[in-house]
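Report on one structure; see the data block that follows.
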Amino acid sequence: MKLFVSGDAVARALGADELAAGLASDAASRGFTVVRPGSRGLCSAEPLVEVETAAGRVAYGPVFEEDLASLRPVLFDGGEHPKRLGKLEDHPFLKKQTRLTFERCGLSDPGSLADYRSHGGLVGLAKASEMTPSAIVEFVTQSGLRGRGGAGFPAGIKWKTTLEAPGARKFVVCNADEGDSGTFADRMLMEGDPFLLIEGMLITARAIGAGRGYIYLRSEYPDAIRVLGHALDIARAEKLLGPSFDIELRIGAGSYVCGEETALLESIEGRRGQVRAKPPLPAHHGLFGCPTAVNNVLTLAAVPYILANGAEAYARHGLGRSRGTMPIQLAGNLKNTGLFEAPFGMSLGELVHEIGGGSASGRPIRSVQVGGPLGAYFPPALFDTPFDYEAFSQRGGLIGHGGVVAFDDTVDMLKQARFAMEFCAVESCGKCTPCRIGSVRGVETIDRIAAGDRRNENLTVLTDLCETLKYGSLCALGGFVPYPVMSALEHFKEDFQSPRPAASRAAKRNP
Amino acid sequence: MPITKPFDLAEAESIIRKHASVEGPLLPILHELQAHFGYIAAEAVPIVASVLNLTRAEVHGVISFYHDFRTSAPGAKVVKLCLAEACQARGVHEARTRLESTLSVKMGETAADGSVALAPVYCLGLCGNGPAALVEGRAYADLNHRGFDRCVKAVKS
């Protein structure tokens, strides 16, 4: 029998290692093996402990060291306890999900390829190995899979371009530089089901004819680096990776803009992470000048399911041109935070109130930022927006990498707009003028508005500056920073006027 | 405690040569130099440049571009507190103020006695359990509640 103590970074950050150590001798004396799986996705129930019983896996959470004394006597039989959550499959947070990409995460042992196999892993790769490269590409195109990194570009078309590009050497590069605040799906997947990503990259390599793969993983994710590195070692030892296709793990160095695909390629090549002008596309002229498919972790991790279960099985989920499921990340001031994988189409309000359970602070939710630091802030009036690439774009927003960050009514939206500009200034690669200079001017202009210095004129300047950034920047960093700024200005105008009640509300809470 | 040791030519050269044959070796080299010595010493720059056939300016440009790379010895413990939106929404302002006063250090600075440095970081992927921080590469969450004491203990131990 097994005892599962979550090994996800969230659980460890809350003391799961101490729990595992505290339960080790009890587990051993009762014949239980302690396994450290990834997260089952309910971050607000971490650290999570699950025990195998005749009736299935019984969960307890959040479990802290002070719970151990009362938990020990009942835990191994799945007995009653105030922290008992029962079987997580029946928990509303999980019951409402459709898990295709995260079907295994939190269930299997991320340190065992055999366990990955026994949970249905490598079936997609076996199917792909009987198909021609162009048949795989066609299959993925039919599934409707779009890039999960943020841009939503059809994966099949990107692969087709790479496959057809002439070149003796080709690469598949996994973008694991998940820098958007409010997103953690890549991290959770790499820590919970690393072999899925490896399988996805093996299939992609076959589809485009790549002989080598790179995973560019950010340095802010030490747990993911360790788990994925270990999984790569296992995959090499078990000959899944080898001379015909190997994957090199590259670690970032704290630059947000390196999540932009061309800056990422520059960084792997050993240069400053400065954005390249496109064209040429990476599919034609990518890493070391060779045709390269750059895909996000979630895109690559969706591929094994599609191969194993068919393009139709994936495409039948979703809405309009957004097919399949999206691993949505509920974060910030919500009661139930975590990973929620669902078909496209659920409304933002449903996600925030029904799934997220409203604010953690108990105060009304005033604003939700979707899609990371470059995503728009939506007020409750727009909570009927369905989670879908096109629907968000029609309302001046974006879903990006699927992060949803909720703020209660103590938020000062002028401050959030200022932060967006400040962040852009800190992280700008400096290559194009609108982003490098415009972001600094944006901070100064917002400071003048806050100080009441020629407010209306400066609001005009800010709007004009955002236009320049939007249309004149080389990449999405400068190009999208107007989303949070302008949405704050449009939907929360009162925070930019005088007096600023939001500022005094915020000051009261955060003196 | 991060390793900070005086620059050693032979050690630096062996690190550089170990990675020199991979494609795009500069970031792996800089990471390992920093891990080994605690920071990237000015003396290392010309050697890296010469082995990789780059100019010193190019190497310096890369070191100065990335937030992770430092060119002087850090505090004995480095605390990286996430200041991004999700942690803002969960009240990082409060955690920051408490950390600054408990550890006697300002954000972006090293304490006068060199015991601790506090630096900003933008997202650790612990966005549902913030505020969050890394202490010497180990994560701590829920800093406005139970996580605070654990985090401070890790700094002071």
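Lettering and numbering for the structure tokens are positional, with chains as A, B, ... in the shown order, residues counted from 1 in each chain, and ligands counted from 1 in the shown order.
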
TODO: Residues of chain A no more than 7 Å from chain B, counting only C-alpha atoms: send them over as a PyMOL selection string.
DONE: chain A and resi 10+13-14+43-44+179-184+187+220-222+253-255+268-272+330-333+337-338+405-407+510

With C-alpha atoms retained, write the just-selected residues as a CSV table (one decimal), in the first residue's frame.
chain,number,residue,atom,x,y,z
A,10,VAL,CA,3.6,24.4,-3.2
A,13,ALA,CA,6.9,25.3,0.6
A,14,LEU,CA,4.3,24.7,3.2
A,43,CYS,CA,-3.4,24.3,-4.1
A,44,SER,CA,-5.5,25.6,-1.2
A,179,GLY,CA,7.1,33.9,-16.1
A,180,ASP,CA,3.6,35.1,-16.0
A,181,SER,CA,2.4,35.8,-12.5
A,182,GLY,CA,-0.7,33.7,-11.7
A,183,THR,CA,0.5,30.8,-13.8
A,184,PHE,CA,2.0,27.6,-12.6
A,187,ARG,CA,5.6,24.0,-13.2
A,220,GLU,CA,12.8,30.4,-10.3
A,221,TYR,CA,11.6,26.8,-10.4
A,222,PRO,CA,14.2,24.8,-8.5
A,253,ALA,CA,18.7,33.3,-15.5
A,254,GLY,CA,15.8,35.4,-14.3
A,255,SER,CA,14.8,37.2,-17.5
A,268,ILE,CA,20.2,29.2,-25.4
A,269,GLU,CA,22.7,30.3,-28.0
A,270,GLY,CA,24.5,32.2,-25.2
A,271,ARG,CA,23.5,35.8,-25.8
A,272,ARG,CA,21.5,38.5,-24.1
A,330,LEU,CA,-6.8,30.1,-10.3
A,331,ALA,CA,-4.6,32.3,-8.3
A,332,GLY,CA,-4.4,35.4,-6.1
A,333,ASN,CA,-7.2,36.3,-3.7
A,337,THR,CA,-6.8,28.2,-5.7
A,338,GLY,CA,-5.2,25.7,-8.1
A,405,VAL,CA,-5.5,36.4,-10.7
A,406,ALA,CA,-8.3,37.8,-8.5
A,407,PHE,CA,-8.1,41.0,-6.5
A,510,ASN,CA,-1.8,48.0,3.7

Open item on the list: Using DSSP secondary structure from the backbone, list all helix (DSSP H, G or I) positions within region 5-39 of chain B, as a ChimeraX atom specification.
Closed with: /B:9-19,26-37

- [ ] For CA of Ile136 (chain A) and CA of Ala207 (chain A), determine how far apart the two atoms are, in Å to one decimal place.
- [x] 5.7 Å

TODO: For each of A:Lys87, A:Lys431, A:Lys95, A:Arg30, take the minimum atom-to-atom distance to Gly273 (chain A), counting only C-alpha atoms, then give the residue where this is smallest.
DONE: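 Among the listed residues, the smallest separation from Gly273 (chain A) belongs to A:Lys431.
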
TODO: Quick one: pick out all strand (DSSP E or B) residues within region 61-111 of chain B from a backbone DSSP run and write them as a PyMOL selection string.
DONE: chain B and resi 77-82+109-110

- [ ] Excluding region 75-83 of chain A and residues on its chain fewer than 2 positions from it, collect all residues at most 7 Å away from it, counting only C-alpha atoms, and give them as a PyMOL selection string.
- [x] chain A and resi 51+53+58+60-63+71-73+85

Since we have the selection now, will you write its residues out, keeping N, CA, C and O atoms, as a PDB file, in the first residue's frame?
ATOM      1  N   VAL A  51      -4.015   8.430   1.264  1.00  0.00           N
ATOM      2  CA  VAL A  51      -3.668   7.082   1.676  1.00  0.00           C
ATOM      3  C   VAL A  51      -4.467   6.093   0.834  1.00  0.00           C
ATOM      4  O   VAL A  51      -5.649   6.317   0.544  1.00  0.00           O
ATOM      5  N   THR A  53      -6.541   2.988   0.322  1.00  0.00           N
ATOM      6  CA  THR A  53      -7.381   2.104   1.141  1.00  0.00           C
ATOM      7  C   THR A  53      -8.139   1.181   0.189  1.00  0.00           C
ATOM      8  O   THR A  53      -8.102   1.381  -1.028  1.00  0.00           O
ATOM      9  N   VAL A  58      -7.863   8.091  -0.136  1.00  0.00           N
ATOM     10  CA  VAL A  58      -8.550   9.044   0.738  1.00  0.00           C
ATOM     11  C   VAL A  58      -7.594  10.195   1.035  1.00  0.00           C
ATOM     12  O   VAL A  58      -6.437   9.976   1.407  1.00  0.00           O
ATOM     13  N   TYR A  60      -6.399  13.974   2.744  1.00  0.00           N
ATOM     14  CA  TYR A  60      -6.455  14.867   3.893  1.00  0.00           C
ATOM     15  C   TYR A  60      -5.699  16.140   3.519  1.00  0.00           C
ATOM     16  O   TYR A  60      -4.606  16.068   2.961  1.00  0.00           O
ATOM     17  N   GLY A  61      -6.281  17.290   3.828  1.00  0.00           N
ATOM     18  CA  GLY A  61      -5.542  18.508   3.529  1.00  0.00           C
ATOM     19  C   GLY A  61      -6.297  19.758   3.934  1.00  0.00           C
ATOM     20  O   GLY A  61      -7.519  19.706   4.065  1.00  0.00           O
ATOM     21  N   PRO A  62      -5.628  20.880   4.121  1.00  0.00           N
ATOM     22  CA  PRO A  62      -4.178  20.959   4.218  1.00  0.00           C
ATOM     23  C   PRO A  62      -3.687  20.380   5.545  1.00  0.00           C
ATOM     24  O   PRO A  62      -4.240  20.694   6.586  1.00  0.00           O
ATOM     25  N   VAL A  63      -2.652  19.563   5.468  1.00  0.00           N
ATOM     26  CA  VAL A  63      -2.120  18.925   6.673  1.00  0.00           C
ATOM     27  C   VAL A  63      -0.831  19.641   7.087  1.00  0.00           C
ATOM     28  O   VAL A  63       0.058  19.850   6.263  1.00  0.00           O
ATOM     29  N   LEU A  71      -3.743  12.890  13.509  1.00  0.00           N
ATOM     30  CA  LEU A  71      -3.961  12.198  12.236  1.00  0.00           C
ATOM     31  C   LEU A  71      -3.419  10.764  12.241  1.00  0.00           C
ATOM     32  O   LEU A  71      -4.045   9.855  11.676  1.00  0.00           O
ATOM     33  N   ARG A  72      -2.291  10.571  12.892  1.00  0.00           N
ATOM     34  CA  ARG A  72      -1.615   9.258  12.872  1.00  0.00           C
ATOM     35  C   ARG A  72      -2.541   8.077  13.159  1.00  0.00           C
ATOM     36  O   ARG A  72      -2.545   7.107  12.413  1.00  0.00           O
ATOM     37  N   PRO A  73      -3.341   8.138  14.225  1.00  0.00           N
ATOM     38  CA  PRO A  73      -4.150   6.963  14.559  1.00  0.00           C
ATOM     39  C   PRO A  73      -5.211   6.620  13.507  1.00  0.00           C
ATOM     40  O   PRO A  73      -5.622   5.463  13.415  1.00  0.00           O
ATOM     41  N   LEU A  85     -10.707  15.019   3.430  1.00  0.00           N
ATOM     42  CA  LEU A  85     -11.425  15.528   2.257  1.00  0.00           C
ATOM     43  C   LEU A  85     -12.139  14.403   1.511  1.00  0.00           C
ATOM     44  O   LEU A  85     -12.882  14.656   0.576  1.00  0.00           O
TER      45      LEU A  85
END

- [ ] Determine, counting only C-alpha atoms, which protein, DNA and RNA residues have an atom within 9 Å of an atom of Val303 (chain A); residues of the same chain fewer than 6 positions away are not included. Present the result as number ranges by chain.
- [x] A: 101, 124, 140, 145, 196-197, 199-201, 203-204

Open item on the list: Please compute the CA of Gly372 (chain A)-CA of Glu457 (chain A) distance, one decimal, in Å.
Closed with: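 If I compute the distance from CA of Gly372 (chain A) to CA of Glu457 (chain A), I get 29.1 Å.
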
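Put simply, CA of Ser39 (chain A) is 15.9 Å away from CA of His119 (chain A).
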
- [ ] Mind checking which residues fall within 10 Å of Thr110 (chain B), counting only C-alpha atoms, ignoring those fewer than 4 positions away in the same chain, and posting them as a list in words?
- [x]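 Those residues are Pro74, Gly75, Ala76, Lys77, Val78, Val79, Ser104, Val105, Lys106, Gly114, Ser115, Val116, Ala117, Leu118 and Ala119 of chain B.
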
Open item on the list: When you look at region 440-445 of chain A with a cut-off of 12 Å (counting only C-alpha atoms), what residues show up, excluding the ones that are within fewer than 2 positions of it in the same chain? I need them as a ChimeraX atom specification.
Closed with: /A:414-428,430,433-438,447-469,478,481-482,485-486,496

Task: Within 8 Å of Pro37 (chain A) using only C-alpha atoms, minus same-chain residues under 2 positions, as a ChimeraX atom specification - done: /A:4-8,35,39,105-110,192

Task: From A:Phe139, A:Phe153, A:Phe195, A:Tyr305, residue lying nearest Val123 (chain A) [only C-alpha atoms] - done: A:Tyr305
